[in-house]
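File shown: start_27.csv. Contents: CSV, C-alpha atoms (C1' of nucleotides).
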```csv
chain,number,residue,atom,x,y,z
A,1,MET,CA,82.6,44.5,106.9
A,2,ILE,CA,84.4,41.3,105.8
A,3,ARG,CA,87.6,43.2,105.1
A,4,ILE,CA,91.2,42.3,104.7
A,5,SER,CA,93.8,44.2,106.7
A,6,LYS,CA,95.3,47.4,105.5
A,7,LEU,CA,98.7,45.8,105.6
A,8,ALA,CA,97.6,43.1,103.3
A,9,ASP,CA,96.2,45.6,101.0
A,10,TYR,CA,99.5,47.4,100.9
A,11,GLY,CA,101.3,44.2,100.4
A,12,ILE,CA,99.3,43.5,97.2
A,13,VAL,CA,100.1,47.0,95.9
A,14,LEU,CA,103.8,46.4,96.6
A,15,LEU,CA,104.0,43.1,94.9
A,16,ALA,CA,102.0,44.4,92.0
A,17,GLN,CA,104.6,47.1,91.6
A,18,PHE,CA,107.2,44.4,91.1
A,19,ALA,CA,105.2,42.6,88.6
A,20,ARG,CA,104.5,45.8,86.7
A,21,ASP,CA,108.1,46.5,85.6
A,22,PRO,CA,109.9,43.2,85.1
A,23,GLY,CA,112.8,45.3,83.7
A,24,ASN,CA,113.8,46.2,87.3
A,25,PRO,CA,113.5,42.9,89.1
A,26,VAL,CA,115.4,44.1,92.2
A,27,GLN,CA,113.8,47.0,94.0
A,28,THR,CA,114.8,48.7,97.2
A,29,ALA,CA,112.4,49.5,100.0
A,30,ARG,CA,113.1,53.2,99.5
A,31,ASP,CA,112.2,53.1,95.8
A,32,LEU,CA,109.0,51.1,96.4
A,33,ALA,CA,107.9,53.6,99.0
A,34,GLU,CA,108.4,56.5,96.6
A,35,ARG,CA,106.6,54.8,93.7
A,36,THR,CA,103.6,53.6,95.7
A,37,ARG,CA,103.5,56.8,97.8
A,38,MET,CA,103.4,54.8,101.0
A,39,PRO,CA,105.4,55.6,104.2
A,40,ALA,CA,108.9,54.1,104.0
A,41,PRO,CA,108.9,52.4,107.4
A,42,THR,CA,105.6,50.7,106.7
A,43,VAL,CA,106.8,49.5,103.3
A,44,SER,CA,109.9,48.1,104.9
A,45,LYS,CA,107.9,46.3,107.5
A,46,ILE,CA,105.6,44.7,104.9
A,47,LEU,CA,108.5,43.7,102.8
A,48,LYS,CA,110.0,41.8,105.7
A,49,VAL,CA,106.8,40.0,106.3
A,50,LEU,CA,106.6,39.0,102.6
A,51,LEU,CA,110.1,37.8,102.8
A,52,ARG,CA,109.3,35.5,105.7
A,53,GLY,CA,106.3,34.3,103.7
A,54,SER,CA,108.9,33.4,101.0
A,55,LEU,CA,107.1,35.6,98.4
A,56,LEU,CA,110.2,37.7,98.1
A,57,ASN,CA,114.0,37.1,98.0
A,58,SER,CA,116.3,39.7,99.5
A,59,GLN,CA,119.8,40.9,98.9
A,60,ARG,CA,121.5,42.7,101.7
A,61,GLY,CA,124.1,45.5,101.6
A,62,ALA,CA,124.7,48.1,99.0
A,63,LYS,CA,123.1,47.4,95.7
A,64,GLY,CA,120.7,45.2,97.6
A,65,GLY,CA,117.0,45.0,97.4
A,66,TYR,CA,114.0,42.7,97.1
A,67,GLN,CA,112.7,40.7,94.2
A,68,LEU,CA,109.9,38.3,93.6
A,69,SER,CA,110.7,34.7,94.5
A,70,ARG,CA,108.5,33.3,91.8
A,71,PRO,CA,107.0,34.5,88.5
A,72,PRO,CA,104.0,36.8,89.1
A,73,ASP,CA,101.6,34.4,87.6
A,74,GLN,CA,102.5,31.9,90.3
A,75,ILE,CA,101.7,34.2,93.2
A,76,SER,CA,98.1,34.4,94.1
A,77,VAL,CA,96.2,36.9,96.2
A,78,ALA,CA,95.6,34.1,98.6
A,79,ASP,CA,99.3,33.6,99.0
A,80,ILE,CA,99.7,37.3,99.9
A,81,LEU,CA,96.9,37.2,102.4
A,82,LEU,CA,98.3,34.1,104.0
A,83,ALA,CA,101.7,35.7,104.4
A,84,ILE,CA,100.4,38.9,106.0
A,85,ASP,CA,97.1,38.1,107.6
A,86,GLY,CA,97.3,34.4,108.1
A,87,PRO,CA,95.0,31.7,106.8
A,88,VAL,CA,91.7,32.7,105.3
A,89,ALA,CA,89.1,32.1,108.0
A,90,LEU,CA,85.9,33.9,107.7
A,91,THR,CA,84.7,32.9,111.1
A,92,GLU,CA,86.5,32.3,114.3
A,93,CYS,CA,85.3,28.7,114.5
A,94,ILE,CA,87.2,28.0,111.3
A,95,SER,CA,90.5,29.4,112.4
A,96,SER,CA,90.3,27.9,115.9
A,97,GLY,CA,89.7,24.5,114.3
A,98,GLY,CA,86.5,23.9,116.2
A,99,GLY,CA,86.4,23.6,120.0
A,100,CYS,CA,83.8,26.4,120.4
A,101,SER,CA,81.6,25.8,123.4
A,102,ALA,CA,78.5,25.9,121.2
A,103,GLU,CA,80.0,23.6,118.6
A,104,ARG,CA,78.0,20.7,119.8
A,105,PHE,CA,74.8,22.6,119.1
A,106,CYS,CA,76.0,24.8,116.2
A,107,GLN,CA,74.3,23.8,113.0
A,108,VAL,CA,75.9,26.2,110.6
A,109,ARG,CA,79.6,25.4,111.0
A,110,ALA,CA,79.7,22.8,108.3
A,111,ASN,CA,78.4,25.4,105.9
A,112,TRP,CA,81.0,27.9,106.9
A,113,VAL,CA,83.6,25.4,106.1
A,114,ARG,CA,82.2,25.2,102.6
A,115,ILE,CA,81.9,29.0,102.1
A,116,ASN,CA,85.3,29.5,103.5
A,117,GLY,CA,86.8,27.0,101.1
A,118,ALA,CA,85.1,28.6,98.2
A,119,VAL,CA,86.3,32.1,99.0
A,120,ARG,CA,89.8,30.8,99.5
A,121,GLY,CA,89.7,28.9,96.2
A,122,ALA,CA,88.6,32.1,94.4
A,123,LEU,CA,91.4,34.1,95.9
A,124,GLU,CA,93.9,31.4,95.0
A,125,GLY,CA,92.8,31.6,91.4
A,126,LEU,CA,93.5,35.3,91.3
A,127,LYS,CA,97.2,35.8,90.4
A,128,LEU,CA,99.4,38.8,90.7
A,129,THR,CA,99.3,39.1,86.9
A,130,ASP,CA,95.6,39.6,87.1
A,131,MET,CA,96.1,42.6,89.5
A,132,ILE,CA,98.4,44.6,87.2
A,133,ILE,CA,96.1,44.7,84.2
A,134,GLY,CA,94.0,47.8,84.9
A,135,PRO,CA,91.3,49.3,82.7
A,136,GLN,CA,93.8,51.8,81.4
A,137,LEU,CA,96.0,49.2,79.8
A,138,GLY,CA,94.2,48.0,76.8
A,139,PRO,CA,90.5,47.5,76.5
A,140,ARG,CA,88.8,44.9,78.7
A,141,PRO,CA,85.9,42.7,77.5
A,142,ALA,CA,83.3,44.0,79.9
A,143,ALA,CA,82.8,45.4,83.4
A,144,SER,CA,82.2,42.5,85.8
A,145,PRO,CA,83.2,38.9,85.3
A,146,ALA,CA,80.7,36.2,84.8
A,147,GLY,CA,78.4,35.5,87.7
A,148,ALA,CA,80.8,34.1,90.3
A,149,THR,CA,78.8,31.4,92.1
A,150,MET,CA,79.9,29.5,95.1
A,151,GLY,CA,78.9,27.5,98.1
A,152,LYS,CA,75.3,27.3,96.9
A,153,ALA,CA,73.7,24.0,97.8
A,154,PRO,CA,73.2,22.0,94.7
B,1,MET,CA,92.4,37.4,108.4
B,2,ILE,CA,89.6,38.3,106.0
B,3,ARG,CA,87.0,37.6,108.6
B,4,ILE,CA,83.5,38.7,109.3
B,5,SER,CA,82.6,40.0,112.7
B,6,LYS,CA,81.6,37.7,115.5
B,7,LEU,CA,78.2,39.5,115.8
B,8,ALA,CA,77.5,38.8,112.1
B,9,ASP,CA,78.4,35.2,112.7
B,10,TYR,CA,76.0,35.0,115.6
B,11,GLY,CA,73.3,36.7,113.5
B,12,ILE,CA,73.5,34.0,110.9
B,13,VAL,CA,73.2,31.4,113.6
B,14,LEU,CA,70.2,33.1,115.0
B,15,LEU,CA,68.4,33.5,111.7
B,16,ALA,CA,69.2,30.0,110.8
B,17,GLN,CA,67.4,28.9,114.0
B,18,PHE,CA,64.3,30.6,112.7
B,19,ALA,CA,64.5,28.9,109.4
B,20,ARG,CA,65.1,25.5,111.0
B,21,ASP,CA,61.7,25.2,112.7
B,22,PRO,CA,59.1,26.9,110.6
B,23,GLY,CA,56.5,25.5,113.1
B,24,ASN,CA,57.4,28.2,115.6
B,25,PRO,CA,57.7,31.3,113.5
B,26,VAL,CA,57.7,33.6,116.5
B,27,GLN,CA,60.6,33.2,118.9
B,28,THR,CA,61.5,35.2,122.0
B,29,ALA,CA,65.0,36.4,122.6
B,30,ARG,CA,65.2,34.2,125.7
B,31,ASP,CA,64.3,31.1,123.8
B,32,LEU,CA,66.8,31.8,121.1
B,33,ALA,CA,69.5,32.3,123.6
B,34,GLU,CA,68.8,29.0,125.2
B,35,ARG,CA,68.7,27.1,121.9
B,36,THR,CA,71.8,28.6,120.5
B,37,ARG,CA,73.7,28.6,123.8
B,38,MET,CA,74.6,32.3,123.3
B,39,PRO,CA,74.5,34.9,126.1
B,40,ALA,CA,71.0,36.4,126.3
B,41,PRO,CA,72.0,40.1,126.3
B,42,THR,CA,74.1,39.6,123.2
B,43,VAL,CA,71.3,37.7,121.5
B,44,SER,CA,68.9,40.5,122.3
B,45,LYS,CA,71.3,43.1,120.9
B,46,ILE,CA,71.7,41.3,117.6
B,47,LEU,CA,68.0,40.7,117.2
B,48,LYS,CA,67.5,44.5,117.5
B,49,VAL,CA,70.1,45.1,114.8
B,50,LEU,CA,68.4,42.5,112.5
B,51,LEU,CA,65.1,44.2,113.2
B,52,ARG,CA,66.5,47.6,112.1
B,53,GLY,CA,67.8,45.9,109.0
B,54,SER,CA,64.3,44.7,108.4
B,55,LEU,CA,65.2,41.1,108.4
B,56,LEU,CA,62.9,40.5,111.3
B,57,ASN,CA,59.6,41.7,112.5
B,58,SER,CA,58.8,42.1,116.2
B,59,GLN,CA,55.8,41.8,118.4
B,60,ARG,CA,56.1,43.5,121.8
B,61,GLY,CA,54.6,42.6,125.1
B,62,ALA,CA,53.6,39.3,126.5
B,63,LYS,CA,53.4,36.6,123.9
B,64,GLY,CA,55.6,38.7,121.8
B,65,GLY,CA,58.8,37.8,120.0
B,66,TYR,CA,60.5,38.0,116.7
B,67,GLN,CA,59.9,36.4,113.3
B,68,LEU,CA,61.5,36.4,109.9
B,69,SER,CA,60.2,39.3,107.8
B,70,ARG,CA,60.6,37.2,104.6
B,71,PRO,CA,60.8,33.5,103.6
B,72,PRO,CA,64.2,32.1,104.4
B,73,ASP,CA,65.0,31.5,100.8
B,74,GLN,CA,64.8,35.3,100.2
B,75,ILE,CA,67.3,36.2,102.9
B,76,SER,CA,70.9,35.9,101.8
B,77,VAL,CA,74.1,35.9,103.8
B,78,ALA,CA,75.0,39.2,102.2
B,79,ASP,CA,71.7,40.7,103.6
B,80,ILE,CA,72.7,39.6,107.1
B,81,LEU,CA,76.2,40.9,106.8
B,82,LEU,CA,74.9,44.2,105.4
B,83,ALA,CA,72.5,44.6,108.4
B,84,ILE,CA,75.2,43.8,111.0
B,85,ASP,CA,78.6,44.7,109.6
B,86,GLY,CA,77.6,47.2,106.9
B,87,PRO,CA,78.4,46.9,103.2
B,88,VAL,CA,80.8,44.3,101.9
B,89,ALA,CA,84.1,46.1,101.3
B,90,LEU,CA,87.2,44.1,101.3
B,91,THR,CA,89.4,47.1,101.3
B,92,GLU,CA,89.1,50.5,102.8
B,93,CYS,CA,89.3,52.3,99.5
B,94,ILE,CA,86.1,50.5,98.4
B,95,SER,CA,84.0,51.5,101.4
B,96,SER,CA,85.3,55.1,101.4
B,97,GLY,CA,84.4,55.3,97.8
B,98,GLY,CA,87.8,56.5,96.7
B,99,GLY,CA,89.5,59.6,97.9
B,100,CYS,CA,92.6,57.8,99.1
B,101,SER,CA,95.6,60.0,98.8
B,102,ALA,CA,97.4,57.4,96.7
B,103,GLU,CA,94.4,56.9,94.5
B,104,ARG,CA,96.0,58.9,91.7
B,105,PHE,CA,98.9,56.4,91.6
B,106,CYS,CA,97.1,53.3,92.8
B,107,GLN,CA,97.0,50.8,90.0
B,108,VAL,CA,95.1,48.0,91.7
B,109,ARG,CA,91.9,49.7,92.9
B,110,ALA,CA,90.0,48.9,89.8
B,111,ASN,CA,90.8,45.2,90.4
B,112,TRP,CA,89.6,45.4,93.9
B,113,VAL,CA,86.3,46.7,92.7
B,114,ARG,CA,85.9,43.6,90.6
B,115,ILE,CA,87.0,41.2,93.3
B,116,ASN,CA,84.7,42.9,95.8
B,117,GLY,CA,81.8,42.6,93.5
B,118,ALA,CA,82.4,39.0,92.9
B,119,VAL,CA,82.5,38.2,96.6
B,120,ARG,CA,79.4,40.2,97.3
B,121,GLY,CA,77.6,38.4,94.4
B,122,ALA,CA,78.6,35.1,95.8
B,123,LEU,CA,77.4,35.9,99.2
B,124,GLU,CA,74.1,37.2,97.8
B,125,GLY,CA,73.5,33.9,96.1
B,126,LEU,CA,73.8,32.1,99.4
B,127,LYS,CA,70.5,32.0,101.1
B,128,LEU,CA,69.4,31.2,104.6
B,129,THR,CA,67.9,27.9,103.4
B,130,ASP,CA,71.4,26.9,102.2
B,131,MET,CA,72.7,27.4,105.7
B,132,ILE,CA,70.3,25.0,107.5
B,133,ILE,CA,71.0,22.0,105.4
B,134,GLY,CA,74.0,20.4,107.2
B,135,PRO,CA,75.9,17.3,106.3
B,136,GLN,CA,73.9,15.3,108.8
B,137,LEU,CA,70.6,15.9,107.0
B,138,GLY,CA,70.8,13.7,104.0
B,139,PRO,CA,73.9,12.8,102.0
B,140,ARG,CA,75.6,15.5,100.0
B,141,PRO,CA,77.1,15.1,96.5
B,142,ALA,CA,80.7,15.8,97.4
B,143,ALA,CA,83.0,17.8,99.6
B,144,SER,CA,83.5,21.1,97.9
B,145,PRO,CA,81.2,22.8,95.4
B,146,ALA,CA,82.3,23.1,91.9
B,147,GLY,CA,85.2,25.4,91.2
B,148,ALA,CA,84.2,28.7,92.4
B,149,THR,CA,85.9,31.1,90.0
B,150,MET,CA,85.7,34.8,90.2
B,151,GLY,CA,87.5,37.9,89.2
B,152,LYS,CA,90.0,36.1,87.0
B,153,ALA,CA,90.9,38.0,84.0
B,154,PRO,CA,89.3,36.4,81.0
C,1,DA,C1',47.3,46.0,137.8
C,2,DG,C1',51.0,43.2,136.9
C,3,DA,C1',53.9,40.3,134.3
C,4,DA,C1',56.2,39.5,130.0
C,5,DA,C1',58.4,41.0,126.3
C,6,DT,C1',60.7,44.2,123.1
C,7,DA,C1',63.2,49.2,122.2
C,8,DG,C1',66.9,51.9,122.6
C,9,DG,C1',70.2,53.7,124.6
C,10,DA,C1',74.8,54.3,127.4
C,11,DC,C1',78.8,52.4,128.9
C,12,DC,C1',83.3,50.1,129.3
C,13,DG,C1',87.2,47.1,128.9
C,14,DG,C1',90.4,44.7,126.1
C,15,DC,C1',92.4,43.5,122.0
C,16,DT,C1',94.7,44.2,117.8
C,17,DG,C1',95.9,46.8,113.8
C,18,DA,C1',98.8,50.4,112.3
C,19,DG,C1',102.6,53.1,112.5
C,20,DT,C1',107.3,54.4,114.4
C,21,DA,C1',111.9,53.9,116.1
C,22,DC,C1',116.1,51.9,117.3
C,23,DT,C1',119.7,48.8,117.0
C,24,DG,C1',122.1,45.1,114.5
C,25,DT,C1',124.1,42.7,110.3
C,26,DT,C1',125.6,42.2,105.7
C,27,DT,C1',127.8,43.7,101.4
C,28,DA,C1',129.6,46.7,97.6
C,29,DT,C1',132.7,50.2,96.7
C,30,DT,C1',136.7,53.0,97.3
D,1,DA,C1',140.4,48.4,105.7
D,2,DA,C1',136.9,51.8,106.0
D,3,DT,C1',132.6,53.6,104.7
D,4,DA,C1',128.1,53.8,103.2
D,5,DA,C1',124.0,51.6,101.7
D,6,DA,C1',120.8,48.5,102.4
D,7,DC,C1',118.2,44.8,104.8
D,8,DA,C1',116.8,42.2,109.7
D,9,DG,C1',114.6,42.1,113.8
D,10,DT,C1',112.4,43.7,117.8
D,11,DA,C1',110.1,46.6,120.9
D,12,DC,C1',106.9,50.2,121.7
D,13,DT,C1',103.0,53.2,121.6
D,14,DC,C1',98.6,55.0,120.2
D,15,DA,C1',94.0,54.8,118.7
D,16,DG,C1',89.9,52.7,117.2
D,17,DC,C1',86.6,49.4,117.4
D,18,DC,C1',84.6,45.0,118.7
D,19,DG,C1',82.4,42.5,122.2
D,20,DG,C1',79.7,42.3,125.9
D,21,DT,C1',76.7,44.1,129.7
D,22,DC,C1',73.3,46.8,131.9
D,23,DC,C1',69.6,50.1,132.6
D,24,DT,C1',65.4,52.4,131.6
D,25,DA,C1',61.4,53.0,128.7
D,26,DT,C1',57.3,51.2,126.2
D,27,DT,C1',54.1,47.9,124.7
D,28,DT,C1',50.7,44.2,125.3
D,29,DC,C1',48.5,40.0,127.1
D,30,DT,C1',46.1,38.1,131.1
```

Taking this structure as input, can you express it in the form of structure tokens?
Amino acid sequence: MIRISKLADYGIVLLAQFARDPGNPVQTARDLAERTRMPAPTVSKILKVLLRGSLLNSQRGAKGGYQLSRPPDQISVADILLAIDGPVALTECISSGGGCSAERFCQVRANWVRINGAVRGALEGLKLTDMIIGPQLGPRPAASPAGATMGKAP
Amino acid sequence: MIRISKLADYGIVLLAQFARDPGNPVQTARDLAERTRMPAPTVSKILKVLLRGSLLNSQRGAKGGYQLSRPPDQISVADILLAIDGPVALTECISSGGGCSAERFCQVRANWVRINGAVRGALEGLKLTDMIIGPQLGPRPAASPAGATMGKAP
DNA sequence: AGAAATAGGACCGGCTGAGTACTGTTTATT
DNA sequence: AATAAACAGTACTCAGCCGGTCCTATTTCT
């Protein structure tokens, strides 16, 4: 199904929450859980992962909380996926860096490298600021963006 | 890790094999297994799935085998993924068509719809013929294709 | 009739994703 | 100094699904 993990999905929702109200840069895990309607332990777990990926800074103790480590326009969806799910690798032979027993005969790997790079590039171009502007906030030009092409042999 | 299933990966390799030598349009499961170095039972299983997805035609009995149901330039990577892994749905809320308990509060779903559509569109544009031209067959213009952009807010 | 294929299941084992819980450690406040 | 509020880290379980294999029809050519 070519899907990202649920945790990564949650992570994006959480980070988007930060970006949505810059007035409260520091948020506690508890508050985020309430606002996003996600279970508190799971929220806490994801926040720690995002911290390790240096997408968040944390302040311990009372009056503590988390805040974005960078401006939201400098955090991409690819960054979030990298922190939570690891590197973008559509196929196993990409993530394992080759070494598949069939590699000697495999004729499609080179193409996967290209497709993979294109998807990663697209995800890198998509910033957190792009995720918070929903259809409800101001009119949008049209439905779907212009015809995203990639990887097609020239 | 945003990855496609191994079966789908195999399926692409198998179909690419058909496209690679148009001289032998009909191939048996056994032959394909040998040429791709994949285990025969698995190959057989995938071929049946591809048949159900009407990407292949089959001929039973002695001298039987499988062949592409359409010219390779009319079979996209998205078609193969659809047949094996189901519809492209990066997040669960896409495949389930909404209904998530947090949907009422979720502010990012609309963006996922756009991203998802962009990825699917890109995969649809990538045909089987694009998968068989490797770097070894003739020189290629450059490393990565031109800057695949998608989903970015205009 | 027999051999060579596909058709269509059932079946199972192992991995990993998702969620929970528990036990520190740090810090502001009183 | 004591307390409470928050983050930090780790361990654990449970379920679902992916992957692989095998078995038994059914069809068709020789």

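Atom CA of A:Ser95 lies 29.0 Å from atom CA of B:Arg30.
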
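For D:DA5, the list of residues within 8 Å, based on only C-alpha atoms (C1' of nucleotides) and with local chain neighbours fewer than 4 positions off taken out, reads Gly61, Ala62 and Lys63 of chain A.
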
Please save C-alpha atoms of the selected residues as a short mmCIF file (atom, residue, chain, number, x, y, z; two decimals), in the frame of the given file.
```
data_model
loop_
_atom_site.label_atom_id
_atom_site.label_comp_id
_atom_site.auth_asym_id
_atom_site.auth_seq_id
_atom_site.Cartn_x
_atom_site.Cartn_y
_atom_site.Cartn_z
CA GLY A 61 124.10 45.50 101.60
CA ALA A 62 124.70 48.10 99.00
CA LYS A 63 123.10 47.40 95.70
#
```

Write out as JSON, numbers by chain which residues come within 6 Å of stretch 5-21 of chain B when counting only C-alpha atoms (C1' of nucleotides), dropping same-chain ones fewer than 5 positions away. {"B": [72, 81, 84]}

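With all atoms listed in the file taken into account, every residue lying no more than 12 Å from the file point (118.8, 43.8, 104.7) is included here: Thr28, Ala29, Ser44, Lys45, Leu47, Lys48, Leu51, Asn57, Ser58, Gln59, Arg60, Gly61, Ala62, Lys63, Gly64, Gly65 and Tyr66 of chain A; DG24, DT25, DT26 and DT27 of chain C; DA5, DA6, DC7, DA8 and DG9 of chain D.
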
Spatial neighbours of D:DT24, max dist 12 Å, all atoms listed in the file, sep filter under 6 positions, as a ChimeraX atom specification: /C:7-10

Please identify all polymer residues within 12 Å of D:DG16, counting all atoms listed in the file, omitting same-chain residues fewer than 4 positions from it, and present them as a ChimeraX atom specification. /C:14-18

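When all atoms listed in the file are used to compute distances to chain C, the closest of the residues A:Val43, A:Lys127, A:Asp73, A:Gly97 turns out to be A:Val43.
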
Long-range neighbours of A:Val113 as a VMD selection string, 9 Å cut-off, only C-alpha atoms (C1' of nucleotides), 5 positions minimum in chain: chain A and resid 89 to 90 94 108 118

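Using all atoms listed in the file for every distance, the candidate list B:Pro22, B:Pro71, B:Gly125, B:Pro39 yields B:Pro71 as the residue closest to B:Leu55.
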
Output chain B as a short mmCIF file (atom, residue, chain, number, x, y, z; two decimals) with C-alpha atoms, in the frame of the given file, after least-squares fitting it to chain A on all in-order C-alpha pairs.
```cif
data_model
loop_
_atom_site.label_atom_id
_atom_site.label_comp_id
_atom_site.auth_asym_id
_atom_site.auth_seq_id
_atom_site.Cartn_x
_atom_site.Cartn_y
_atom_site.Cartn_z
CA MET B 1 82.83 44.61 107.15
CA ILE B 2 84.42 41.46 105.75
CA ARG B 3 87.63 43.26 105.06
CA ILE B 4 91.23 42.34 104.72
CA SER B 5 93.82 44.19 106.71
CA LYS B 6 95.34 47.40 105.48
CA LEU B 7 98.85 45.82 105.60
CA ALA B 8 97.67 43.00 103.30
CA ASP B 9 96.25 45.60 100.98
CA TYR B 10 99.55 47.44 100.91
CA GLY B 11 101.38 44.14 100.31
CA ILE B 12 99.40 43.50 97.19
CA VAL B 13 100.19 46.97 95.99
CA LEU B 14 103.82 46.43 96.62
CA LEU B 15 104.03 43.08 94.90
CA ALA B 16 102.07 44.39 92.04
CA GLN B 17 104.75 47.09 91.61
CA PHE B 18 107.29 44.34 91.15
CA ALA B 19 105.25 42.60 88.58
CA ARG B 20 104.58 45.83 86.68
CA ASP B 21 108.19 46.49 85.63
CA PRO B 22 109.94 43.22 85.08
CA GLY B 23 112.93 45.30 83.79
CA ASN B 24 113.92 46.15 87.34
CA PRO B 25 113.51 42.90 89.19
CA VAL B 26 115.40 44.14 92.22
CA GLN B 27 113.85 47.05 94.07
CA THR B 28 114.92 48.75 97.29
CA ALA B 29 112.46 49.52 100.01
CA ARG B 30 113.10 53.24 99.50
CA ASP B 31 112.27 53.09 95.85
CA LEU B 32 109.10 51.18 96.46
CA ALA B 33 107.99 53.65 99.00
CA GLU B 34 108.47 56.49 96.63
CA ARG B 35 106.64 54.78 93.76
CA THR B 36 103.72 53.67 95.77
CA ARG B 37 103.53 56.84 97.87
CA MET B 38 103.45 54.73 101.08
CA PRO B 39 105.41 55.62 104.24
CA ALA B 40 108.90 54.09 104.03
CA PRO B 41 108.96 52.41 107.48
CA THR B 42 105.66 50.70 106.78
CA VAL B 43 106.86 49.59 103.36
CA SER B 44 109.98 48.15 104.92
CA LYS B 45 107.95 46.28 107.53
CA ILE B 46 105.71 44.65 104.96
CA LEU B 47 108.58 43.67 102.72
CA LYS B 48 110.09 41.80 105.72
CA VAL B 49 106.81 39.97 106.28
CA LEU B 50 106.62 39.02 102.54
CA LEU B 51 110.20 37.84 102.78
CA ARG B 52 109.36 35.53 105.72
CA GLY B 53 106.46 34.25 103.70
CA SER B 54 108.92 33.47 100.98
CA LEU B 55 107.24 35.59 98.43
CA LEU B 56 110.35 37.66 98.08
CA ASN B 57 114.03 37.15 98.10
CA SER B 58 116.44 39.73 99.51
CA GLN B 59 119.92 40.89 98.82
CA ARG B 60 121.57 42.84 101.65
CA GLY B 61 124.09 45.60 101.55
CA ALA B 62 124.74 48.20 98.97
CA LYS B 63 123.10 47.45 95.68
CA GLY B 64 120.81 45.22 97.52
CA GLY B 65 117.03 45.07 97.47
CA TYR B 66 114.17 42.73 97.09
CA GLN B 67 112.80 40.65 94.21
CA LEU B 68 109.93 38.30 93.59
CA SER B 69 110.85 34.74 94.58
CA ARG B 70 108.58 33.35 91.80
CA PRO B 71 107.05 34.53 88.49
CA PRO B 72 104.11 36.79 89.12
CA ASP B 73 101.70 34.39 87.58
CA GLN B 74 102.55 31.87 90.36
CA ILE B 75 101.80 34.24 93.22
CA SER B 76 98.14 34.44 94.10
CA VAL B 77 96.25 36.90 96.25
CA ALA B 78 95.59 34.11 98.71
CA ASP B 79 99.43 33.60 99.05
CA ILE B 80 99.82 37.27 99.94
CA LEU B 81 96.99 37.26 102.40
CA LEU B 82 98.32 34.06 103.98
CA ALA B 83 101.81 35.66 104.44
CA ILE B 84 100.42 38.89 105.95
CA ASP B 85 97.09 38.17 107.61
CA GLY B 86 97.40 34.41 108.17
CA PRO B 87 95.01 31.77 106.84
CA VAL B 88 91.72 32.70 105.26
CA ALA B 89 89.06 32.14 107.91
CA LEU B 90 85.88 33.99 107.62
CA THR B 91 84.73 32.99 111.01
CA GLU B 92 86.49 32.35 114.24
CA CYS B 93 85.32 28.79 114.51
CA ILE B 94 87.16 28.00 111.24
CA SER B 95 90.53 29.37 112.31
CA SER B 96 90.31 27.82 115.80
CA GLY B 97 89.56 24.56 114.19
CA GLY B 98 86.44 23.93 116.21
CA GLY B 99 86.27 23.72 119.93
CA CYS B 100 83.67 26.44 120.26
CA SER B 101 81.49 25.83 123.23
CA ALA B 102 78.37 25.95 121.08
CA GLU B 103 79.87 23.65 118.53
CA ARG B 104 77.76 20.75 119.76
CA PHE B 105 74.59 22.73 118.94
CA CYS B 106 75.90 24.86 116.10
CA GLN B 107 74.14 23.86 112.93
CA VAL B 108 75.82 26.21 110.49
CA ARG B 109 79.54 25.47 110.96
CA ALA B 110 79.62 22.87 108.29
CA ASN B 111 78.27 25.50 105.85
CA TRP B 112 80.89 27.93 106.85
CA VAL B 113 83.54 25.41 106.02
CA ARG B 114 82.19 25.23 102.51
CA ILE B 115 81.83 28.96 102.07
CA ASN B 116 85.33 29.50 103.44
CA GLY B 117 86.76 27.04 101.05
CA ALA B 118 85.08 28.59 98.14
CA VAL B 119 86.41 32.04 98.97
CA ARG B 120 89.89 30.75 99.53
CA GLY B 121 89.73 28.87 96.16
CA ALA B 122 88.66 31.99 94.45
CA LEU B 123 91.38 34.02 95.90
CA GLU B 124 93.94 31.35 94.99
CA GLY B 125 92.90 31.54 91.39
CA LEU B 126 93.63 35.23 91.33
CA LYS B 127 97.20 35.81 90.48
CA LEU B 128 99.49 38.78 90.71
CA THR B 129 99.43 39.14 86.91
CA ASP B 130 95.64 39.60 87.14
CA MET B 131 96.17 42.52 89.46
CA ILE B 132 98.43 44.61 87.16
CA ILE B 133 96.16 44.66 84.21
CA GLY B 134 93.96 47.74 84.89
CA PRO B 135 91.15 49.12 82.84
CA GLN B 136 93.47 51.68 81.31
CA LEU B 137 95.69 49.04 79.68
CA GLY B 138 93.65 47.81 76.81
CA PRO B 139 89.87 47.46 76.64
CA ARG B 140 88.20 44.87 78.80
CA PRO B 141 85.27 42.63 77.77
CA ALA B 142 82.73 43.93 80.24
CA ALA B 143 82.21 45.27 83.71
CA SER B 144 81.85 42.30 85.96
CA PRO B 145 83.17 38.78 85.39
CA ALA B 146 80.76 36.07 84.75
CA GLY B 147 78.52 35.05 87.61
CA ALA B 148 80.74 34.04 90.33
CA THR B 149 78.82 31.28 92.09
CA MET B 150 80.00 29.45 95.10
CA GLY B 151 78.78 27.49 98.01
CA LYS B 152 75.21 27.30 96.77
CA ALA B 153 73.59 24.10 97.55
CA PRO B 154 73.26 22.09 94.39
#
```

For atom CA of B:Val119 and atom CA of B:Gly86, the interatomic separation in Å (one decimal): 14.5 Å

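Interatomic distance, atom CA of A:Gly53 against atom CA of A:Gln67: 13.1 Å.
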
Which residue gives the smallest distance to chain B among C:DC11, C:DG19, C:DT6, C:DA1, with all atoms listed in the file counted? C:DT6

If we draw a sphere of 12 Å around (74.3, 30.7, 102.4), which residues have at least one atom in it when counting all atoms listed in the file? Please report them as a PyMOL selection string. (chain A and resi 108-116+118+149-154) or (chain B and resi 9+12-13+15-16+72-81+120-134)
